Amino acid sequence: EQAARKALSITGSLPPPCDFGGISYLDTSSLTENHSHRVLFILGGPGAGKGTQSERIVDTYKCVHLSVGDLLRSGAEKKDYPHADMVKECLVKGQIVPVELSLGLLRIAMDEKAQEADSEYGSRIFLVDGFPRNYDNVEGWMEHMPSYTSVLGSLVYNCPIEVLEARIMNRAETSGRSDDNLDSARRRFQTFRTQTEPVVRALEMTEELQAEGNSSGQSQLHIVNIDATGTVEEVWGETEAAMNAYVKNDILTANMNLLKAIEGGNLKEFAALCDEQALVESGSDTNKSLADIFESYEGPISDGAASSISNAKVSIQYGIKALVSYDRTTKAGEIVRETREWMHGPKGWMCVSVRREDL
């Protein structure tokens, strides 16, 4: 429990859950404002399928996959990395690299990816693979990372040893990996059981403690245990459901911020949350001003239409497209069923269209 309490701030600046028309979500505005990296820990024993599922997550949700082991190996070869010799020596001797160096390389990698000028997707989630492996890793994270990151949770792939052994022996036929043998697999599995699983239990307790401390009874951190014994498609079904729940937070935050901009007549914020091409096309025929485009989309600016939201639904398609629909009641008493289409692009989630039905 002590480790769980120490990790209470692992979610960084994320506030307690909010409500959007009956759907609980996390307002991620502070992460965008503070340039905090969104992080998911990817954990599981050897052969549990972390790599396969991570590839599909990256392909579908445009996340960034980072392996601490890979970062250490590449860091050891970087001429401009000041600790390259120390890291190389640790790797050669099979010693544990100091956690602050591992996390330093991880932060550099996240910063570089976040600052890519030609990135097609903004506000991406970073999948940190195989970390934290033990309590020392968690303590190091809490000491060095909360001001730069927000850990949304963890995907934990659970699989019994006999299934893992069979998979690794099959993989060994083609992988060429030196650690794809039974002895190595059993040692790695034992390490996972004795060192990593207690960390998972501690993070689950952190989730429970956060929920107890929030008036909603819900937490910021979400640990998702996934049964990894099924086929790749079966496991992907569970992975996709978990990822949709994480991604939903950014979508509903954007939708709520757009509604606030509309109700406040904030043209700048309205434009920042709407797809630029959609705005251009709306104003192309008559050289409409932004105020004209706003009015054609949302109605007169002057009505100050504060609204209440109910019966909300979110549908996420292909990881980068979403439909958010809800009943919206304006101050004037009008009730409409509003559906907004969102796309994930260079600036994060952008509204590309809106349609309404009178109720």
# chains A, B, ... in the order shown; residues from 1 in each chain; ligands from 1
$ select_by_dssp --residues "region 120-190 of chain A" --states "alpha helix (DSSP H)" --output "ChimeraX atom specification"
/A:135-144,161-175,182-190
$ residues_around --residues "Leu273 (chain A)" --least-positions-apart "5" --cutoff "7 Å" --atoms "only C-alpha atoms" --output "PyMOL selection string"
chain A and resi 258+350-351
$ residues_around --residues "Glu33 (chain A)" --least-positions-apart "3" --cutoff "12 Å" --atoms "only C-alpha atoms" --output "list in words"
Ser13, Leu14, Asp27, Thr28, Ser29, Ser30, Ser36, His37, Ser123 and Tyr148 of chain A
$ residues_around --residues "region 186-198 of chain A" --least-positions-apart "4" --cutoff "9 Å" --atoms "only C-alpha atoms" --output "JSON, numbers by chain"
{"A": [43, 44, 45, 46, 131, 132, 133, 134, 135, 161, 164, 165, 181, 182, 202, 203]}
$ residues_around --residues "Lys347 (chain A)" --least-positions-apart "2" --cutoff "9 Å" --atoms "only C-alpha atoms" --output "ChimeraX atom specification"
/A:120-123,272-273,344-345,349-350
$ write_last_selection --atoms "C-alpha atoms" --output "mmCIF file, in the first residue's frame"
data_model
loop_
_atom_site.group_PDB
_atom_site.id
_atom_site.type_symbol
_atom_site.label_atom_id
_atom_site.label_comp_id
_atom_site.auth_asym_id
_atom_site.auth_seq_id
_atom_site.Cartn_x
_atom_site.Cartn_y
_atom_site.Cartn_z
ATOM 1 C CA GLU A 120 0.326 13.926 -39.070
ATOM 2 C CA TYR A 121 -1.019 13.468 -35.542
ATOM 3 C CA GLY A 122 -0.815 15.664 -32.461
ATOM 4 C CA SER A 123 -1.305 14.811 -28.764
ATOM 5 C CA ALA A 272 -8.697 26.181 -33.137
ATOM 6 C CA LEU A 273 -10.995 23.176 -32.619
ATOM 7 C CA HIS A 344 -7.334 13.114 -35.271
ATOM 8 C CA GLY A 345 -4.855 15.377 -37.080
ATOM 9 C CA TRP A 349 -8.743 16.115 -32.430
ATOM 10 C CA MET A 350 -10.603 18.495 -34.782
#
$ closest_residue --among "A:Ala242, A:Ala322, A:Leu209, A:Val235" --to "Ser9 (chain A)" --atoms "only C-alpha atoms"
A:Leu209
$ closest_residue --among "A:Ala114, A:Val247, A:Met142, A:Ile262" --to "Thr330 (chain A)" --atoms "only C-alpha atoms"
A:Ile262
$ atom_distance --atom1 "CA of Ile223 (chain A)" --atom2 "CA of Ser184 (chain A)"
27.7 Å
$ closest_residue --among "A:Asp80, A:Glu276, A:Asp250, A:Glu263" --to "Val324 (chain A)" --atoms "only C-alpha atoms"
A:Asp250
$ select_by_dssp --residues "region 151-319 of chain A" --states "strand (DSSP E)" --output "list in words"
Val151, Leu152, Gly153, Ser154, Leu155, Val156, Tyr157, Asn158, His222, Ile223, Val224, Asn225, Ile226, Asp227, Ser307, Ser308, Ile309, Ser310, Asn311, Ala312, Lys313, Val314, Ser315, Ile316 and Gln317 of chain A
$ closest_atom_pairs --of "region 241-319 of chain A" --to "region 55-62 of chain A" --cutoff "10 Å" --atoms "only C-alpha atoms" --output "tab-separated table"
residue	atom	partner	partner_atom	distance
A:Met243	CA	A:Ile57	CA	7.9
A:Asn244	CA	A:Tyr61	CA	9.0
A:Val247	CA	A:Tyr61	CA	8.5
A:Gln317	CA	A:Thr60	CA	9.3
A:Tyr318	CA	A:Thr60	CA	5.9
A:Gly319	CA	A:Tyr61	CA	4.4
$ atom_distance --atom1 "CA of Leu221 (chain A)" --atom2 "CA of Ala254 (chain A)"
19.9 Å
$ closest_residue --among "A:Val163, A:Val232, A:Ile320, A:Leu40" --to "Tyr246 (chain A)" --atoms "only C-alpha atoms"
A:Leu40
$ closest_atom_pairs --of "region 181-248 of chain A" --to "region 4-8 of chain A" --cutoff "12 Å" --atoms "only C-alpha atoms" --output "JSON lines"
{"residue": "A:Pro198", "atom": "CA", "partner": "A:Ala4", "partner_atom": "CA", "distance": 10.5}
{"residue": "A:Val199", "atom": "CA", "partner": "A:Ala4", "partner_atom": "CA", "distance": 8.8}
{"residue": "A:Val200", "atom": "CA", "partner": "A:Ala4", "partner_atom": "CA", "distance": 9.8}
{"residue": "A:Arg201", "atom": "CA", "partner": "A:Ala4", "partner_atom": "CA", "distance": 8.6}
{"residue": "A:Ala202", "atom": "CA", "partner": "A:Ala4", "partner_atom": "CA", "distance": 4.9}
{"residue": "A:Leu203", "atom": "CA", "partner": "A:Ala4", "partner_atom": "CA", "distance": 6.0}
{"residue": "A:Glu204", "atom": "CA", "partner": "A:Ala4", "partner_atom": "CA", "distance": 8.0}
{"residue": "A:Met205", "atom": "CA", "partner": "A:Ala4", "partner_atom": "CA", "distance": 5.7}
{"residue": "A:Thr206", "atom": "CA", "partner": "A:Ala4", "partner_atom": "CA", "distance": 4.7}
{"residue": "A:Glu207", "atom": "CA", "partner": "A:Leu8", "partner_atom": "CA", "distance": 8.1}
{"residue": "A:Glu208", "atom": "CA", "partner": "A:Ala4", "partner_atom": "CA", "distance": 9.3}
{"residue": "A:Leu209", "atom": "CA", "partner": "A:Arg5", "partner_atom": "CA", "distance": 7.6}
{"residue": "A:Gln210", "atom": "CA", "partner": "A:Leu8", "partner_atom": "CA", "distance": 6.9}
{"residue": "A:Ala211", "atom": "CA", "partner": "A:Leu8", "partner_atom": "CA", "distance": 10.6}
{"residue": "A:Glu212", "atom": "CA", "partner": "A:Leu8", "partner_atom": "CA", "distance": 11.6}
{"residue": "A:Gly213", "atom": "CA", "partner": "A:Leu8", "partner_atom": "CA", "distance": 10.3}
{"residue": "A:Ser219", "atom": "CA", "partner": "A:Leu8", "partner_atom": "CA", "distance": 10.2}
{"residue": "A:Gln220", "atom": "CA", "partner": "A:Leu8", "partner_atom": "CA", "distance": 9.6}
{"residue": "A:Leu221", "atom": "CA", "partner": "A:Leu8", "partner_atom": "CA", "distance": 8.9}
$ closest_residue --among "A:Lys113, A:Leu127, A:Thr11, A:Pro16" --to "Val68 (chain A)" --atoms "only C-alpha atoms"
A:Leu127
$ atom_distance --atom1 "CA of Leu101 (chain A)" --atom2 "CA of Val87 (chain A)"
8.1 Å
$ closest_residue --among "A:Met110, A:Leu252, A:Ala48, A:Leu267" --to "Trp342 (chain A)" --atoms "only C-alpha atoms"
A:Leu252
